[in-house]
>>> print(open('final_1.cif').read())   # mmCIF, C-alpha atoms
data_upload
#
loop_
_atom_site.group_PDB
_atom_site.id
_atom_site.type_symbol
_atom_site.label_atom_id
_atom_site.label_comp_id
_atom_site.auth_asym_id
_atom_site.auth_seq_id
_atom_site.Cartn_x
_atom_site.Cartn_y
_atom_site.Cartn_z
ATOM 1 C CA MET A 202 5.966 -57.707 39.513
ATOM 2 C CA GLY A 203 7.586 -55.295 42.010
ATOM 3 C CA ARG A 204 4.708 -55.666 44.434
ATOM 4 C CA TRP A 205 5.236 -59.430 44.676
ATOM 5 C CA TRP A 206 8.673 -58.774 46.112
ATOM 6 C CA LEU A 207 7.102 -56.420 48.638
ATOM 7 C CA ILE A 208 5.034 -59.370 49.831
ATOM 8 C CA MET A 209 8.144 -61.537 50.152
ATOM 9 C CA LEU A 210 9.920 -58.765 52.057
ATOM 10 C CA ALA A 211 6.895 -58.279 54.298
ATOM 11 C CA VAL A 212 6.716 -61.962 55.162
ATOM 12 C CA SER A 213 10.465 -62.089 55.775
ATOM 13 C CA LEU A 214 10.043 -59.288 58.289
ATOM 14 C CA LEU A 215 7.195 -61.204 59.891
ATOM 15 C CA VAL A 216 9.386 -64.269 60.179
ATOM 16 C CA ALA A 217 12.156 -62.161 61.685
ATOM 17 C CA GLY A 218 9.413 -60.933 64.048
ATOM 18 C CA CYS A 219 9.435 -58.993 67.283
ATOM 19 C CA ALA A 220 9.944 -61.690 69.891
ATOM 20 C CA SER A 221 8.923 -59.430 72.765
ATOM 21 C CA LEU A 222 5.237 -59.567 71.830
ATOM 22 C CA PRO A 223 3.091 -62.226 73.484
ATOM 23 C CA VAL A 224 3.236 -65.642 71.832
ATOM 24 C CA LYS A 225 -0.488 -65.726 71.096
ATOM 25 C CA GLN A 226 -0.391 -62.309 69.438
ATOM 26 C CA ARG A 227 2.484 -63.361 67.172
ATOM 27 C CA ALA A 228 0.642 -66.561 66.247
ATOM 28 C CA THR A 229 -2.629 -64.697 65.656
ATOM 29 C CA MET A 230 -1.063 -62.117 63.362
ATOM 30 C CA SER A 231 0.849 -64.777 61.477
ATOM 31 C CA LEU A 232 -2.314 -66.827 60.942
ATOM 32 C CA GLN A 233 -4.057 -63.654 59.760
ATOM 33 C CA ALA A 234 -1.196 -62.995 57.315
ATOM 34 C CA ALA A 235 -1.451 -66.575 56.011
ATOM 35 C CA GLU A 236 -5.200 -66.124 55.490
ATOM 36 C CA ARG A 237 -4.702 -62.843 53.609
ATOM 37 C CA ALA A 238 -2.063 -64.431 51.391
ATOM 38 C CA LEU A 239 -4.349 -67.400 50.659
ATOM 39 C CA GLY A 240 -7.141 -64.961 49.832
ATOM 40 C CA ALA A 241 -4.889 -63.107 47.383
ATOM 41 C CA ILE A 242 -4.006 -66.476 45.788
ATOM 42 C CA GLN A 243 -7.690 -67.261 45.320
ATOM 43 C CA ASP A 244 -8.394 -63.832 43.772
ATOM 44 C CA ALA A 245 -5.395 -64.069 41.442
ATOM 45 C CA GLU A 246 -6.134 -67.631 40.289
ATOM 46 C CA ARG A 247 -9.795 -66.780 39.595
ATOM 47 C CA ALA A 248 -8.726 -63.712 37.586
ATOM 48 C CA LEU A 249 -6.261 -65.855 35.666
ATOM 49 C CA CYS A 250 -8.975 -68.439 34.961
ATOM 50 C CA ASP A 251 -11.603 -65.904 33.928
ATOM 51 C CA PRO A 252 -10.808 -62.165 33.746
ATOM 52 C CA ALA A 253 -14.537 -61.470 34.042
ATOM 53 C CA SER A 254 -14.853 -63.366 37.351
ATOM 54 C CA VAL A 255 -16.934 -61.733 40.072
ATOM 55 C CA ALA A 256 -16.539 -62.373 43.821
ATOM 56 C CA GLY A 257 -19.262 -64.655 45.130
ATOM 57 C CA LYS A 258 -20.172 -66.019 41.697
ATOM 58 C CA PRO A 259 -18.754 -69.488 40.863
ATOM 59 C CA VAL A 260 -16.007 -69.695 38.240
ATOM 60 C CA THR A 261 -16.116 -73.178 36.714
ATOM 61 C CA HIS A 262 -14.666 -72.553 33.265
ATOM 62 C CA CYS A 263 -11.379 -70.929 32.202
ATOM 63 C CA PRO A 264 -12.032 -69.349 28.799
ATOM 64 C CA GLY A 265 -9.618 -67.546 26.521
ATOM 65 C CA PRO A 266 -5.889 -67.304 25.917
ATOM 66 C CA ILE A 267 -4.836 -66.040 29.342
ATOM 67 C CA ALA A 268 -5.616 -69.248 31.178
ATOM 68 C CA ALA A 269 -4.339 -71.317 28.236
ATOM 69 C CA ALA A 270 -0.993 -69.496 28.273
ATOM 70 C CA ALA A 271 -0.600 -70.340 31.965
ATOM 71 C CA GLY A 272 -1.627 -73.984 31.440
ATOM 72 C CA LEU A 273 -4.718 -73.422 33.569
ATOM 73 C CA THR A 274 -7.291 -75.883 32.253
ATOM 74 C CA ASP A 275 -10.813 -76.260 33.640
ATOM 75 C CA ALA A 276 -9.728 -79.466 35.409
ATOM 76 C CA ARG A 277 -6.709 -77.775 37.010
ATOM 77 C CA HIS A 278 -8.850 -74.824 38.089
ATOM 78 C CA GLN A 279 -11.310 -77.207 39.750
ATOM 79 C CA ALA A 280 -8.499 -79.100 41.476
ATOM 80 C CA PHE A 281 -7.079 -75.768 42.645
ATOM 81 C CA ALA A 282 -10.483 -74.636 43.936
ATOM 82 C CA LYS A 283 -10.970 -77.947 45.746
ATOM 83 C CA ALA A 284 -7.567 -77.602 47.439
ATOM 84 C CA LEU A 285 -8.364 -74.010 48.435
ATOM 85 C CA ALA A 286 -11.769 -75.055 49.810
ATOM 86 C CA VAL A 287 -9.997 -77.562 52.069
ATOM 87 C CA ALA A 288 -7.314 -75.040 53.102
ATOM 88 C CA PHE A 289 -9.826 -72.295 53.953
ATOM 89 C CA THR A 290 -12.021 -74.726 55.901
ATOM 90 C CA VAL A 291 -9.030 -75.855 57.954
ATOM 91 C CA GLU A 292 -7.908 -72.226 58.375
ATOM 92 C CA SER A 293 -11.317 -71.377 59.798
ATOM 93 C CA LYS A 294 -10.974 -74.245 62.301
ATOM 94 C CA ALA A 295 -7.412 -73.156 63.120
ATOM 95 C CA ALA A 296 -8.679 -69.663 64.015
ATOM 96 C CA VAL A 297 -11.199 -71.197 66.439
ATOM 97 C CA ALA A 298 -8.533 -73.474 67.932
ATOM 98 C CA LEU A 299 -6.070 -70.605 68.344
ATOM 99 C CA ALA A 300 -8.710 -68.493 70.089
ATOM 100 C CA SER A 301 -8.950 -71.091 72.870
ATOM 101 C CA TRP A 302 -5.190 -71.784 72.973
ATOM 102 C CA ARG A 303 -3.453 -71.046 76.279
ATOM 103 C CA ALA A 304 0.247 -70.805 77.166
ATOM 104 C CA GLY A 305 1.616 -74.303 77.763
ATOM 105 C CA ASP A 306 -0.806 -75.970 75.332
ATOM 106 C CA PRO A 307 0.680 -77.736 72.272
ATOM 107 C CA PRO A 308 0.181 -75.943 68.931
ATOM 108 C CA PRO A 309 -3.307 -76.647 67.512
ATOM 109 C CA GLN A 310 -3.190 -79.654 65.181
ATOM 110 C CA THR A 311 -5.191 -77.692 62.606
ATOM 111 C CA LEU A 312 -2.165 -75.415 62.051
ATOM 112 C CA VAL A 313 -0.053 -78.433 61.087
ATOM 113 C CA GLU A 314 -2.892 -79.668 58.878
ATOM 114 C CA LEU A 315 -3.123 -76.235 57.218
ATOM 115 C CA GLN A 316 0.599 -76.349 56.432
ATOM 116 C CA ARG A 317 0.024 -79.600 54.484
ATOM 117 C CA ASP A 318 -2.998 -78.105 52.716
ATOM 118 C CA ILE A 319 -1.027 -75.053 51.562
ATOM 119 C CA GLN A 320 1.730 -77.366 50.335
ATOM 120 C CA ASP A 321 -0.948 -79.145 48.260
ATOM 121 C CA VAL A 322 -1.876 -75.764 46.727
ATOM 122 C CA LEU A 323 1.818 -75.136 46.018
ATOM 123 C CA ALA A 324 2.076 -78.478 44.195
ATOM 124 C CA LEU A 325 -0.871 -77.506 41.977
ATOM 125 C CA VAL A 326 0.646 -74.102 41.126
ATOM 126 C CA ARG A 327 3.876 -75.875 40.140
ATOM 127 C CA GLN A 328 1.920 -77.840 37.522
ATOM 128 C CA LEU A 329 1.147 -74.589 35.675
ATOM 129 C CA GLY A 330 3.372 -72.860 33.130
ATOM 130 C CA GLY A 331 6.429 -71.944 35.174
ATOM 131 C CA ASN A 332 7.645 -69.096 32.961
ATOM 132 C CA ASN A 333 4.321 -67.255 33.023
ATOM 133 C CA PRO A 334 4.537 -64.050 35.166
ATOM 134 C CA ALA A 335 1.066 -64.654 36.611
ATOM 135 C CA VAL A 336 2.093 -68.151 37.703
ATOM 136 C CA GLN A 337 5.307 -66.753 39.221
ATOM 137 C CA GLY A 338 3.112 -64.323 41.162
ATOM 138 C CA LEU A 339 1.002 -67.206 42.454
ATOM 139 C CA LEU A 340 4.124 -69.084 43.541
ATOM 140 C CA VAL A 341 5.327 -66.065 45.527
ATOM 141 C CA GLN A 342 1.922 -65.728 47.186
ATOM 142 C CA VAL A 343 1.782 -69.406 48.165
ATOM 143 C CA GLN A 344 5.285 -69.160 49.605
ATOM 144 C CA ALA A 345 4.175 -66.071 51.562
ATOM 145 C CA ALA A 346 1.247 -68.029 53.018
ATOM 146 C CA LEU A 347 3.547 -70.911 53.980
ATOM 147 C CA ASP A 348 6.119 -68.581 55.565
ATOM 148 C CA ALA A 349 3.440 -66.813 57.604
ATOM 149 C CA LEU A 350 2.026 -70.116 58.807
ATOM 150 C CA LEU A 351 5.473 -71.390 59.775
ATOM 151 C CA GLN A 352 5.863 -68.241 61.850
ATOM 152 C CA ALA A 353 2.616 -69.053 63.691
ATOM 153 C CA LEU A 354 3.828 -72.591 64.404
ATOM 154 C CA LYS A 355 7.227 -71.294 65.504
ATOM 155 C CA ALA A 356 5.634 -68.797 67.892
ATOM 156 C CA LEU A 357 3.557 -71.507 69.587
ATOM 157 C CA GLN A 358 6.376 -74.039 69.834
ATOM 158 C CA VAL A 359 8.915 -71.658 71.375
ATOM 159 C CA HIS A 360 7.382 -70.529 74.635
ATOM 160 C CA MET B 660 -3.804 -61.826 19.118
ATOM 161 C CA ASP B 661 -6.872 -59.748 18.244
ATOM 162 C CA SER B 662 -8.057 -56.646 20.097
ATOM 163 C CA LYS B 663 -10.597 -58.628 22.141
ATOM 164 C CA GLN B 664 -7.908 -61.021 23.370
ATOM 165 C CA MET B 665 -5.593 -58.108 24.093
ATOM 166 C CA ALA B 666 -8.309 -56.426 26.171
ATOM 167 C CA ALA B 667 -8.801 -59.644 28.151
ATOM 168 C CA TRP B 668 -5.050 -59.875 28.794
ATOM 169 C CA ILE B 669 -4.959 -56.293 30.059
ATOM 170 C CA GLN B 670 -8.007 -56.867 32.267
ATOM 171 C CA ALA B 671 -6.520 -60.033 33.777
ATOM 172 C CA GLY B 672 -3.176 -58.325 34.332
ATOM 173 C CA ALA B 673 -4.879 -55.446 36.145
ATOM 174 C CA ALA B 674 -6.782 -57.883 38.375
ATOM 175 C CA LEU B 675 -3.610 -59.788 39.257
ATOM 176 C CA VAL B 676 -1.695 -56.616 40.045
ATOM 177 C CA GLY B 677 -4.650 -55.386 42.113
ATOM 178 C CA ALA B 678 -4.692 -58.592 44.153
ATOM 179 C CA GLY B 679 -0.954 -58.345 44.706
ATOM 180 C CA ILE B 680 -1.161 -54.726 45.845
ATOM 181 C CA ALA B 681 -4.012 -55.529 48.231
ATOM 182 C CA ALA B 682 -2.054 -58.436 49.715
ATOM 183 C CA ALA B 683 1.136 -56.381 50.109
ATOM 184 C CA ASP B 684 -0.780 -53.557 51.791
ATOM 185 C CA ASP B 685 -2.594 -55.981 54.081
ATOM 186 C CA ILE B 686 0.619 -57.662 55.155
ATOM 187 C CA ALA B 687 2.320 -54.287 55.642
ATOM 188 C CA ARG B 688 -0.534 -53.340 58.001
ATOM 189 C CA LEU B 689 -0.094 -56.622 59.863
ATOM 190 C CA ILE B 690 3.608 -55.965 60.296
ATOM 191 C CA ARG B 691 2.923 -52.562 61.826
ATOM 192 C CA GLY B 692 0.700 -54.376 64.330
ATOM 193 C CA PHE B 693 3.333 -57.047 64.850
ATOM 194 C CA HIS B 694 5.787 -54.479 66.114
ATOM 195 C CA GLY B 695 3.169 -52.442 67.927
ATOM 196 C CA PRO B 696 1.749 -52.692 71.433
ATOM 197 C CA ALA B 697 0.552 -55.930 72.967
ATOM 198 C CA LEU B 698 -3.121 -56.572 72.268
ATOM 199 C CA SER B 699 -5.672 -57.725 74.813
ATOM 200 C CA ASP B 700 -7.279 -61.176 74.699
ATOM 201 C CA ALA B 701 -10.493 -59.532 73.467
ATOM 202 C CA GLU B 702 -8.648 -57.815 70.612
ATOM 203 C CA LEU B 703 -6.939 -61.066 69.610
ATOM 204 C CA ALA B 704 -10.283 -62.878 69.763
ATOM 205 C CA ALA B 705 -11.805 -60.233 67.453
ATOM 206 C CA ILE B 706 -8.980 -60.699 64.926
ATOM 207 C CA LEU B 707 -9.472 -64.473 64.976
ATOM 208 C CA VAL B 708 -13.238 -64.126 64.515
ATOM 209 C CA GLY B 709 -12.475 -62.025 61.427
ATOM 210 C CA VAL B 710 -10.026 -64.637 60.110
ATOM 211 C CA GLN B 711 -12.598 -67.377 60.711
ATOM 212 C CA ALA B 712 -15.383 -65.468 58.941
ATOM 213 C CA ASP B 713 -13.265 -64.586 55.915
ATOM 214 C CA ALA B 714 -11.921 -68.149 55.659
ATOM 215 C CA GLU B 715 -15.477 -69.545 55.745
ATOM 216 C CA ARG B 716 -16.615 -67.123 53.026
ATOM 217 C CA ARG B 717 -13.655 -68.033 50.838
ATOM 218 C CA ALA B 718 -14.095 -71.771 51.477
ATOM 219 C CA ALA B 719 -17.678 -71.468 50.211
ATOM 220 C CA GLN B 720 -16.494 -69.557 47.137
ATOM 221 C CA ALA B 721 -13.821 -72.195 46.421
ATOM 222 C CA ALA B 722 -16.367 -74.991 46.870
ATOM 223 C CA GLY B 723 -18.599 -73.251 44.311
ATOM 224 C CA ASP B 724 -15.694 -72.975 41.873
ATOM 225 C CA ALA B 725 -14.896 -76.680 42.394
ATOM 226 C CA GLY B 726 -18.510 -77.636 41.730
ATOM 227 C CA LEU B 727 -18.915 -78.847 45.306
ATOM 228 C CA GLY B 728 -21.337 -76.159 46.433
#
>>> encode(input="final_1.cif", output="structure tokens")
Amino acid sequence: MGRWWLIMLAVSLLVAGCASLPVKQRATMSLQAAERALGAIQDAERALCDPASVAGKPVTHCPGPIAAAAGLTDARHQAFAKALAVAFTVESKAAVALASWRAGDPPPQTLVELQRDIQDVLALVRQLGGNNPAVQGLLVQVQAALDALLQALKALQVH
Amino acid sequence: MDSKQMAAWIQAGAALVGAGIAAADDIARLIRGFHGPALSDAELAAILVGVQADAERRAAQAAGDAGLG
């Protein structure tokens, strides 16, 4: 579990951030951090659902005691995957929008939308078994993604 | 818990720890960049293209998991 706290510390440092860097660079790196955190959430949830999961191959069933201990049913896994599909699609659009962003423009609406989508993922993680260490790890990761995204929004609003 | 279940637990635990380590290392790398020199517009554009590509790949994977693919 020690590494999860490293992630929290890392994101805290991001949020504290070096204000002297250009606004767009801060926003870009924060969006990248949010995407990496979301990716780690996807990998961890798939491993929790099915320890034999392979990247690129669909995981539609959560067999065995690991998922059961975390309260991760097939239906919850599918709801989680659906929420992640939405979040990653919006994140992709946010990257395109940020690429064309110029100083003086309002923050891209897709960033605000992504914040809501990650909060939806957070709500789904909270439905799982709260005392399970794997679920605690997921919660930390989702919070890291949210913190990184807030930093991107903050960078674009304060210029 | 039988030995098969125990092996599955260990395998899942290793995968979760691996994902956590990868994420921590990634974010640590990002922080070094955050406090580093200013990047050019072309460098920022390249980072965002990478974010877009990875997000699209992961969206497709999630859609497959959700039975939407």
>>> resolve_selection(input="final_1.cif", expression="the PyMOL selection byres ((chain A and resi 349) around 7)", output="VMD selection string")
chain A and resid 212 216 231 to 232 234 to 235 345 to 348 350 to 353
>>> resolve_selection(input="final_1.cif", expression="the PyMOL selection byres ((chain A and resi 343) around 8)", output="PyMOL selection string")
chain A and resi 238-239+242+319+322-323+339-342+344-347
>>> closest_atom_pairs(input="final_1.cif", of="chain A", to="chain B", cutoff="7 Å", atoms="all atoms listed in the file", output="JSON lines")
{"residue": "A:Arg204", "atom": "CA", "partner": "B:Ile680", "partner_atom": "CA", "distance": 6.1}
{"residue": "A:Trp205", "atom": "CA", "partner": "B:Gly679", "partner_atom": "CA", "distance": 6.3}
{"residue": "A:Leu207", "atom": "CA", "partner": "B:Ala683", "partner_atom": "CA", "distance": 6.1}
{"residue": "A:Ile208", "atom": "CA", "partner": "B:Ala683", "partner_atom": "CA", "distance": 4.9}
{"residue": "A:Ala211", "atom": "CA", "partner": "B:Ala687", "partner_atom": "CA", "distance": 6.2}
{"residue": "A:Leu215", "atom": "CA", "partner": "B:Ile690", "partner_atom": "CA", "distance": 6.4}
{"residue": "A:Cys219", "atom": "CA", "partner": "B:His694", "partner_atom": "CA", "distance": 5.9}
{"residue": "A:Leu222", "atom": "CA", "partner": "B:Ala697", "partner_atom": "CA", "distance": 6.0}
{"residue": "A:Pro223", "atom": "CA", "partner": "B:Ala697", "partner_atom": "CA", "distance": 6.8}
{"residue": "A:Gln226", "atom": "CA", "partner": "B:Leu703", "partner_atom": "CA", "distance": 6.7}
{"residue": "A:Arg227", "atom": "CA", "partner": "B:Phe693", "partner_atom": "CA", "distance": 6.8}
{"residue": "A:Thr229", "atom": "CA", "partner": "B:Leu707", "partner_atom": "CA", "distance": 6.9}
{"residue": "A:Met230", "atom": "CA", "partner": "B:Leu689", "partner_atom": "CA", "distance": 6.6}
{"residue": "A:Gln233", "atom": "CA", "partner": "B:Val710", "partner_atom": "CA", "distance": 6.1}
{"residue": "A:Ala234", "atom": "CA", "partner": "B:Ile686", "partner_atom": "CA", "distance": 6.0}
{"residue": "A:Glu236", "atom": "CA", "partner": "B:Val710", "partner_atom": "CA", "distance": 6.8}
{"residue": "A:Arg237", "atom": "CA", "partner": "B:Ala682", "partner_atom": "CA", "distance": 6.4}
{"residue": "A:Ala238", "atom": "CA", "partner": "B:Ala682", "partner_atom": "CA", "distance": 6.2}
{"residue": "A:Ala241", "atom": "CA", "partner": "B:Ala678", "partner_atom": "CA", "distance": 5.6}
{"residue": "A:Asp244", "atom": "CA", "partner": "B:Ala678", "partner_atom": "CA", "distance": 6.4}
{"residue": "A:Ala245", "atom": "CA", "partner": "B:Leu675", "partner_atom": "CA", "distance": 5.1}
{"residue": "A:Ala248", "atom": "CA", "partner": "B:Ala671", "partner_atom": "CA", "distance": 5.7}
{"residue": "A:Leu249", "atom": "CA", "partner": "B:Ala671", "partner_atom": "CA", "distance": 6.1}
{"residue": "A:Pro252", "atom": "CA", "partner": "B:Ala671", "partner_atom": "CA", "distance": 4.8}
{"residue": "A:Gly257", "atom": "CA", "partner": "B:Gln720", "partner_atom": "CA", "distance": 6.0}
{"residue": "A:Pro259", "atom": "CA", "partner": "B:Asp724", "partner_atom": "CA", "distance": 4.7}
{"residue": "A:Val260", "atom": "CA", "partner": "B:Asp724", "partner_atom": "CA", "distance": 4.9}
{"residue": "A:Thr261", "atom": "CA", "partner": "B:Asp724", "partner_atom": "CA", "distance": 5.2}
{"residue": "A:Ile267", "atom": "CA", "partner": "B:Trp668", "partner_atom": "CA", "distance": 6.2}
{"residue": "A:Gln279", "atom": "CA", "partner": "B:Ala725", "partner_atom": "CA", "distance": 4.5}
{"residue": "A:Ala280", "atom": "CA", "partner": "B:Ala725", "partner_atom": "CA", "distance": 6.9}
{"residue": "A:Ala282", "atom": "CA", "partner": "B:Ala721", "partner_atom": "CA", "distance": 4.8}
{"residue": "A:Lys283", "atom": "CA", "partner": "B:Ala725", "partner_atom": "CA", "distance": 5.3}
{"residue": "A:Leu285", "atom": "CA", "partner": "B:Ala721", "partner_atom": "CA", "distance": 6.1}
{"residue": "A:Ala286", "atom": "CA", "partner": "B:Ala718", "partner_atom": "CA", "distance": 4.4}
{"residue": "A:Phe289", "atom": "CA", "partner": "B:Ala714", "partner_atom": "CA", "distance": 4.9}
{"residue": "A:Thr290", "atom": "CA", "partner": "B:Ala718", "partner_atom": "CA", "distance": 5.7}
{"residue": "A:Glu292", "atom": "CA", "partner": "B:Ala714", "partner_atom": "CA", "distance": 6.3}
{"residue": "A:Ser293", "atom": "CA", "partner": "B:Gln711", "partner_atom": "CA", "distance": 4.3}
{"residue": "A:Ala296", "atom": "CA", "partner": "B:Leu707", "partner_atom": "CA", "distance": 5.3}
{"residue": "A:Ala300", "atom": "CA", "partner": "B:Ala704", "partner_atom": "CA", "distance": 5.8}
>>> atom_distance(input="final_1.cif", atom1="atom CA of Leu357 of chain A", atom2="atom CA of Ala228 of chain A")
6.6 Å
>>> residues_around(input="final_1.cif", residues="Pro309 of chain A", least_positions_apart="3", cutoff="10 Å", atoms="only C-alpha atoms", output="VMD selection string")
chain A and resid 294 to 299 301 to 302 306 312 to 314 354 357
>>> axis_aligned_box(input="final_1.cif", around="segment 266-283 of chain A", padding_each_side="5 Å", output="AutoDock Vina command-line options")
--center_x -6.0 --center_y -72.8 --center_z 35.8 --size_x 20.7 --size_y 23.4 --size_z 29.8
>>> closest_residue(input="final_1.cif", among="A:Ala256, A:Gln243, A:Asp321, A:Cys250", to="Ala271 of chain A", atoms="all atoms listed in the file")
A:Cys250
>>> atom_distance(input="final_1.cif", atom1="atom CA of Gln316 of chain A", atom2="atom CA of Ala356 of chain A")
14.6 Å
